[in-house]
>>> print(open('query02.txt').read())   # compact mmCIF, C-alpha atoms
# COMPACT_ATOMS: atom_id res chain seq x y z
CA MET I 1 93.61 141.09 17.45
CA ARG I 2 96.54 141.91 15.19
CA THR I 3 99.48 139.70 14.35
CA ALA I 4 102.95 140.61 13.19
CA VAL I 5 105.22 138.02 11.66
CA ALA I 6 108.11 140.46 12.04
CA LEU I 7 107.89 140.11 15.80
CA GLY I 8 109.09 136.54 15.46
CA ILE I 9 112.70 137.73 15.22
CA VAL I 10 112.52 140.33 17.96
CA ALA I 11 112.78 138.01 20.93
CA VAL I 12 115.97 136.52 19.54
CA ALA I 13 117.58 139.93 19.24
CA CYS I 14 116.45 141.35 22.55
CA LEU I 15 115.89 140.03 26.05
CA ALA I 16 115.89 136.33 26.84
CA ALA I 17 112.45 134.85 27.49
CA VAL I 18 111.78 132.72 30.56
CA ALA I 19 113.72 129.48 30.57
CA GLN I 20 112.39 127.83 33.68
CA GLY I 21 109.57 128.13 36.17
CA GLY I 22 109.23 128.20 39.92
CA ASN I 23 106.68 126.30 41.94
CA PHE I 24 103.58 128.20 43.01
CA LEU I 25 103.10 125.95 46.04
CA GLN I 26 106.60 126.75 47.30
CA ASP I 27 107.08 130.33 46.11
CA THR I 28 103.66 132.02 46.42
CA GLU I 29 100.60 132.20 48.65
CA MET I 30 97.02 133.26 48.09
CA SER I 31 96.45 136.76 49.44
CA TRP I 32 92.70 137.17 48.88
CA GLY I 33 89.70 135.68 47.09
CA ASP I 34 88.21 133.17 49.55
CA GLY I 35 89.23 130.10 47.58
CA ARG I 36 88.84 131.60 44.10
CA GLY I 37 92.54 131.14 43.36
CA LYS I 38 93.82 127.59 42.91
CA VAL I 39 97.24 126.07 42.34
CA VAL I 40 97.12 123.55 39.47
CA ASP I 41 99.34 121.02 37.73
CA GLY I 42 101.29 120.08 40.82
CA GLY I 43 102.38 123.67 41.52
CA ARG I 44 103.42 124.51 37.97
CA GLY I 45 100.41 126.77 37.44
CA LEU I 46 97.87 128.91 39.25
CA ASP I 47 94.39 129.99 38.13
CA LEU I 48 92.70 133.15 39.42
CA THR I 49 88.90 133.46 39.22
CA LEU I 50 86.54 136.44 39.26
CA ASP I 51 82.81 136.20 39.87
CA LYS I 52 80.23 138.71 41.03
CA GLY I 53 81.15 138.04 44.65
CA SER I 54 84.88 138.68 44.43
CA GLY I 55 88.08 138.47 42.46
CA SER I 56 91.26 136.83 43.72
CA GLY I 57 94.99 137.33 44.04
CA PHE I 58 98.30 135.86 45.16
CA GLN I 59 101.70 137.15 46.24
CA SER I 60 105.26 135.90 46.46
CA LYS I 61 106.49 134.61 49.78
CA SER I 62 109.78 136.47 49.29
CA GLU I 63 110.58 140.15 49.00
CA TYR I 64 113.04 141.23 46.31
CA LEU I 65 115.43 144.13 45.92
CA PHE I 66 116.34 144.01 42.22
CA GLY I 67 115.99 141.08 39.88
CA LYS I 68 114.47 139.67 36.71
CA ILE I 69 110.91 138.46 37.23
CA ASP I 70 109.14 136.39 34.57
CA MET I 71 105.55 135.19 34.46
CA GLN I 72 103.64 133.39 31.76
CA ILE I 73 99.98 134.45 31.63
CA LYS I 74 96.94 133.46 29.59
CA LEU I 75 94.29 136.16 29.94
CA VAL I 76 90.51 135.94 30.31
CA PRO I 77 89.07 134.89 26.94
CA GLY I 78 85.90 136.08 25.21
CA ASN I 79 84.05 139.04 26.66
CA SER I 80 86.52 140.26 29.28
CA ALA I 81 85.12 143.81 29.49
CA GLY I 82 85.44 145.30 32.96
CA THR I 83 88.06 142.82 34.15
CA VAL I 84 91.65 143.67 35.07
CA THR I 85 94.42 141.10 35.35
CA THR I 86 97.60 142.31 37.08
CA PHE I 87 101.21 141.24 37.55
CA TYR I 88 103.33 143.71 39.50
CA LEU I 89 105.96 144.39 42.13
CA SER I 90 105.15 146.61 45.10
CA SER I 91 106.35 147.66 48.53
CA GLN I 92 104.01 148.93 51.24
CA GLY I 93 103.04 152.33 52.63
CA SER I 94 102.07 155.72 51.27
CA ALA I 95 105.58 156.29 49.89
CA HIS I 96 105.71 152.88 48.25
CA ASP I 97 107.50 151.79 45.08
CA GLU I 98 105.67 149.82 42.40
CA ILE I 99 106.27 148.38 38.91
CA ASP I 100 103.05 147.45 37.09
CA PHE I 101 101.77 145.25 34.32
CA GLU I 102 97.97 145.54 34.08
CA PHE I 103 95.79 143.98 31.38
CA LEU I 104 92.50 145.77 30.76
CA GLY I 105 89.79 143.54 29.29
CA ASN I 106 87.50 144.38 26.39
CA GLU I 107 84.44 143.25 24.50
CA THR I 108 84.65 140.08 22.44
CA GLY I 109 86.78 140.68 19.37
CA GLU I 110 88.27 143.93 20.69
CA PRO I 111 91.91 144.03 21.85
CA TYR I 112 93.21 144.06 25.39
CA THR I 113 95.07 147.14 26.63
CA LEU I 114 98.42 146.52 28.31
CA HIS I 115 98.92 149.22 30.94
CA THR I 116 102.35 149.87 32.51
CA ASN I 117 103.31 152.22 35.32
CA VAL I 118 106.22 152.96 37.66
CA PHE I 119 105.87 154.39 41.18
CA ALA I 120 108.79 155.73 43.21
CA GLN I 121 108.37 157.10 46.73
CA GLY I 122 104.60 157.04 46.25
CA GLN I 123 104.67 159.04 43.02
CA GLY I 124 103.22 157.35 39.95
CA LYS I 125 101.39 158.85 36.97
CA ARG I 126 103.98 157.40 34.59
CA GLU I 127 101.55 155.41 32.49
CA GLN I 128 102.27 153.94 29.08
CA GLN I 129 99.69 151.77 27.34
CA PHE I 130 100.00 149.34 24.44
CA ARG I 131 98.01 147.03 22.22
CA LEU I 132 99.46 143.55 21.92
CA TRP I 133 100.45 142.10 18.54
CA PHE I 134 98.88 138.72 19.36
CA ASP I 135 95.77 137.35 21.07
CA PRO I 136 96.83 136.99 24.74
CA THR I 137 93.88 134.68 25.49
CA LYS I 138 94.79 131.84 23.11
CA ALA I 139 98.10 130.77 24.66
CA PHE I 140 100.54 131.63 27.42
CA HIS I 141 102.91 134.55 26.82
CA THR I 142 105.86 135.68 28.94
CA TYR I 143 105.81 139.07 30.66
CA SER I 144 109.06 140.17 32.28
CA ILE I 145 110.36 142.90 34.57
CA VAL I 146 114.10 143.58 34.66
CA TRP I 147 114.77 145.78 37.70
CA ASN I 148 118.30 146.83 38.51
CA PRO I 149 119.89 149.97 40.03
CA GLN I 150 119.82 151.80 36.69
CA HIS I 151 116.81 150.49 34.74
CA VAL I 152 113.29 149.12 34.91
CA ILE I 153 112.73 147.26 31.64
CA PHE I 154 109.32 145.84 30.68
CA ALA I 155 109.35 143.00 28.14
CA VAL I 156 106.78 140.83 26.36
CA ASP I 157 107.98 137.45 25.07
CA GLY I 158 111.51 138.78 25.36
CA THR I 159 110.80 141.97 23.43
CA PRO I 160 111.40 145.17 25.42
CA ILE I 161 108.49 147.59 25.27
CA ARG I 162 109.58 150.16 27.88
CA ASP I 163 112.78 151.23 29.63
CA PHE I 164 112.41 153.51 32.67
CA LYS I 165 115.91 154.75 33.47
CA ASN I 166 117.42 155.99 36.70
CA HIS I 167 117.65 159.77 36.34
CA GLU I 168 117.99 160.58 40.04
CA ALA I 169 120.84 162.95 39.16
CA ARG I 170 118.23 164.98 37.24
CA GLY I 171 115.78 164.98 40.15
CA VAL I 172 113.66 162.03 39.00
CA SER I 173 112.78 159.49 41.70
CA PHE I 174 113.63 155.84 41.01
CA PRO I 175 112.64 152.65 42.87
CA LYS I 176 115.85 151.30 44.37
CA THR I 177 115.71 151.22 48.18
CA GLN I 178 112.46 149.43 49.07
CA PRO I 179 112.13 145.63 48.81
CA MET I 180 109.05 144.58 46.85
CA ARG I 181 106.90 141.48 46.64
CA LEU I 182 105.37 140.11 43.48
CA TYR I 183 101.59 140.38 43.34
CA ALA I 184 99.05 139.15 40.80
CA SER I 185 95.28 139.54 40.76
CA LEU I 186 92.07 139.34 38.75
CA TRP I 187 89.39 141.84 39.73
CA ASN I 188 86.42 143.86 38.54
CA ALA I 189 87.07 147.49 37.54
CA ASP I 190 84.19 148.17 35.18
CA ASP I 191 83.90 151.75 36.43
CA TRP I 192 87.02 152.63 34.38
CA ALA I 193 88.81 149.67 32.79
CA THR I 194 87.02 149.25 29.45
CA GLN I 195 86.49 152.23 27.18
CA GLY I 196 86.60 154.58 30.15
CA GLY I 197 83.93 152.65 32.04
CA ARG I 198 81.37 152.77 29.22
CA VAL I 199 81.33 148.98 28.83
CA LYS I 200 80.45 147.07 31.99
CA THR I 201 81.23 143.54 33.11
CA ASP I 202 78.79 140.96 31.75
CA TRP I 203 78.28 138.75 34.79
CA THR I 204 76.38 136.17 32.73
CA LYS I 205 79.82 135.20 31.39
CA ALA I 206 81.27 134.62 34.90
CA PRO I 207 83.31 133.02 36.29
CA PHE I 208 86.23 134.67 34.51
CA VAL I 209 89.60 132.89 34.71
CA ALA I 210 93.16 134.09 34.15
CA SER I 211 95.92 131.46 34.22
CA PHE I 212 99.52 131.87 35.38
CA ARG I 213 102.52 129.55 35.04
CA SER I 214 106.34 129.51 34.89
CA PHE I 215 106.89 132.09 37.61
CA ASN I 216 110.64 132.66 37.75
CA ALA I 217 112.46 135.11 40.02
CA ASP I 218 116.18 135.46 39.29
CA ALA I 219 116.48 138.07 42.00
CA CYS I 220 118.08 139.34 45.17
CA VAL I 221 115.95 138.17 48.10
CA MET I 222 115.61 140.22 51.27
CA SER I 223 115.58 138.18 54.47
CA GLY I 224 116.17 139.43 58.02
CA GLY I 225 117.30 142.79 56.68
CA ALA I 226 120.00 141.18 54.51
CA GLN I 227 120.12 140.97 50.72
CA ARG I 228 120.95 137.56 49.22
CA CYS I 229 121.68 137.57 45.48
CA PRO I 230 122.28 134.66 43.08
CA ALA I 231 125.92 133.71 42.68
CA GLY I 232 127.69 135.87 40.14
CA THR I 233 125.01 138.55 40.07
CA MET I 234 127.24 141.51 40.83
CA GLU I 235 129.85 140.43 38.28
CA ALA I 236 127.41 140.15 35.36
CA THR I 237 127.80 142.99 32.91
CA GLY I 238 126.52 144.65 29.77
CA THR I 239 123.65 143.66 27.51
CA SER I 240 124.12 139.90 27.70
CA SER I 241 120.97 137.83 28.28
CA SER I 242 122.70 135.09 30.27
CA SER I 243 121.57 134.13 33.76
CA SER I 244 121.98 136.93 36.33
CA SER I 245 123.08 139.44 33.69
CA TRP I 246 120.15 141.57 34.77
CA TRP I 247 122.20 143.35 37.48
CA ASN I 248 123.90 145.65 34.94
CA GLN I 249 121.57 144.99 32.04
CA GLU I 250 120.69 147.78 29.65
CA LEU I 251 119.32 147.79 26.13
CA SER I 252 121.75 147.23 23.29
CA ASP I 253 121.40 149.49 20.26
CA MET I 254 119.43 146.77 18.48
CA SER I 255 117.16 146.19 21.47
CA TYR I 256 116.57 149.93 21.77
CA ARG I 257 115.57 150.11 18.09
CA ARG I 258 113.20 147.17 18.55
CA MET I 259 111.62 148.83 21.58
CA ARG I 260 111.12 152.07 19.68
CA TRP I 261 109.56 150.11 16.81
CA VAL I 262 107.07 148.50 19.23
CA GLN I 263 106.29 151.90 20.74
CA ARG I 264 105.66 153.46 17.35
CA LYS I 265 103.43 150.60 16.19
CA PHE I 266 101.57 149.58 19.33
CA MET I 267 101.71 152.33 21.98
CA ILE I 268 98.33 154.01 22.42
CA TYR I 269 99.05 156.26 25.41
CA ASN I 270 102.19 157.93 26.74
CA TYR I 271 102.11 160.21 29.77
CA CYS I 272 104.97 162.22 28.28
CA THR I 273 102.80 163.34 25.35
CA ASP I 274 99.41 163.65 27.07
CA PRO I 275 98.30 167.28 26.45
CA LYS I 276 96.71 167.49 29.90
CA ARG I 277 99.89 166.29 31.55
CA VAL I 278 102.10 168.52 29.42
CA ALA I 279 99.97 171.51 30.40
CA GLU I 280 100.81 170.76 34.02
CA GLY I 281 104.50 170.71 33.17
CA VAL I 282 106.44 168.07 31.25
CA PRO I 283 107.91 165.48 33.67
CA ALA I 284 111.69 165.81 33.82
CA GLU I 285 112.35 162.29 32.54
CA CYS I 286 110.26 162.98 29.44
CA LYS I 287 112.82 165.57 28.30
CA LEU I 288 115.61 162.99 28.34
CA ARG I 289 116.37 160.23 25.85
>>> encode(input="query02.txt", output="structure tokens")
Amino acid sequence: MRTAVALGIVAVACLAAVAQGGNFLQDTEMSWGDGRGKVVDGGRGLDLTLDKGSGSGFQSKSEYLFGKIDMQIKLVPGNSAGTVTTFYLSSQGSAHDEIDFEFLGNETGEPYTLHTNVFAQGQGKREQQFRLWFDPTKAFHTYSIVWNPQHVIFAVDGTPIRDFKNHEARGVSFPKTQPMRLYASLWNADDWATQGGRVKTDWTKAPFVASFRSFNADACVMSGGAQRCPAGTMEATGTSSSSSSWWNQELSDMSYRRMRWVQRKFMIYNYCTDPKRVAEGVPAECKLR
């Protein structure tokens, strides 16, 4: 794993990291895993487990239509090859919307791959992948999604790594009409996850555990067909990182430069520059800044 002292200043200049956490007992429920997921520390944390029988997952009790979602995660340590840990928002159906963080495991000593994607009206294939500049198995780190009517911003420890903008006027679909739940999971995907499926899961190292804490949703909640937003949400403006500023949040010039620096240093795949994808026709959003 690589480290970068320079990243220490990025979080200060960019997006605010999580300041508080929700309660997993109150705000989430186990969705699958037959008891392999457990709430810990009085609801302040949740551990997901994967063994040869099954993985596990949980979901938020609420559905959201725009918001800032934060989660602190400590990934599977050691030989995590074949495992995938996820944290994402999704609606339901074939024309669903989805905003993904996925963490692809690797052999001991080799780095994780952070995989991001955005689906709108069932259309995805907007993958960007990164290496992380720290070991995500040694401590908890904050992964954030800022989702408002104009932007989907992915951030790590407050540092933006990707900004998917609303270019509907240019014919690019954008997730903005379908409420989405938060989902998280730990599962086996050794047919593709690590080095293209070449390295398989070593079940002698099971059970594998990924830990979650400090889930925070500063978001508009959908209930009974109505949207309920935190007080002051609609009035928040600009690039401020104060509470509820996410409604109109966009990257400042400094934040944009920091994001581009991360992309130059740590991005390992971009759908916009994939020769196979380009041969099929460059996606419209890839031609825009």
>>> atom_distance(input="query02.txt", atom1="CA of Asn270 in chain I", atom2="CA of His167 in chain I")
18.3 Å
>>> residues_near_point(input="query02.txt", point="(111.2, 165.9, 29.3)", cutoff="12 Å", atoms="only C-alpha atoms", output="number ranges by chain")
I: 167, 170-172, 271-273, 277-278, 281-289
>>> closest_residue(input="query02.txt", among="I:Arg44, I:Lys68, I:Arg181, I:His151", to="Glu168 in chain I", atoms="all atoms listed in the file")
I:His151
>>> residues_around(input="query02.txt", residues="range 132-149 of chain I", least_positions_apart="6", cutoff="8 Å", atoms="only C-alpha atoms", output="ChimeraX atom specification")
/I:1-4,17-18,66-77,111-114,155-158,166,176,246-249,266
>>> closest_residue(input="query02.txt", among="I:Gly224, I:Pro275, I:Gly82, I:Gly53", to="Pro179 in chain I", atoms="all atoms listed in the file")
I:Gly224
>>> residues_around(input="query02.txt", residues="range 99-109 of chain I", least_positions_apart="4", cutoff="10 Å", atoms="all atoms listed in the file", output="number ranges by chain")
I: 1, 75-91, 113-120, 124, 127, 129-131, 135-136, 143-145, 147, 152-154, 175, 180, 182-186, 188-190, 192-195, 199-202
>>> atom_distance(input="query02.txt", atom1="CA of Lys165 in chain I", atom2="CA of Ser214 in chain I")
27.0 Å
>>> atom_distance(input="query02.txt", atom1="CA of Gln121 in chain I", atom2="CA of His96 in chain I")
5.2 Å
>>> residues_around(input="query02.txt", residues="Ala226 in chain I", least_positions_apart="3", cutoff="12 Å", atoms="all atoms listed in the file", output="list in words")
Glu63, Tyr64, Leu65, Pro179, Cys220, Val221, Met222, Ser223 and Cys229 of chain I
>>> closest_residue(input="query02.txt", among="I:Asp97, I:Asp253, I:Asp34, I:Glu110", to="Ser173 in chain I", atoms="only C-alpha atoms")
I:Asp97
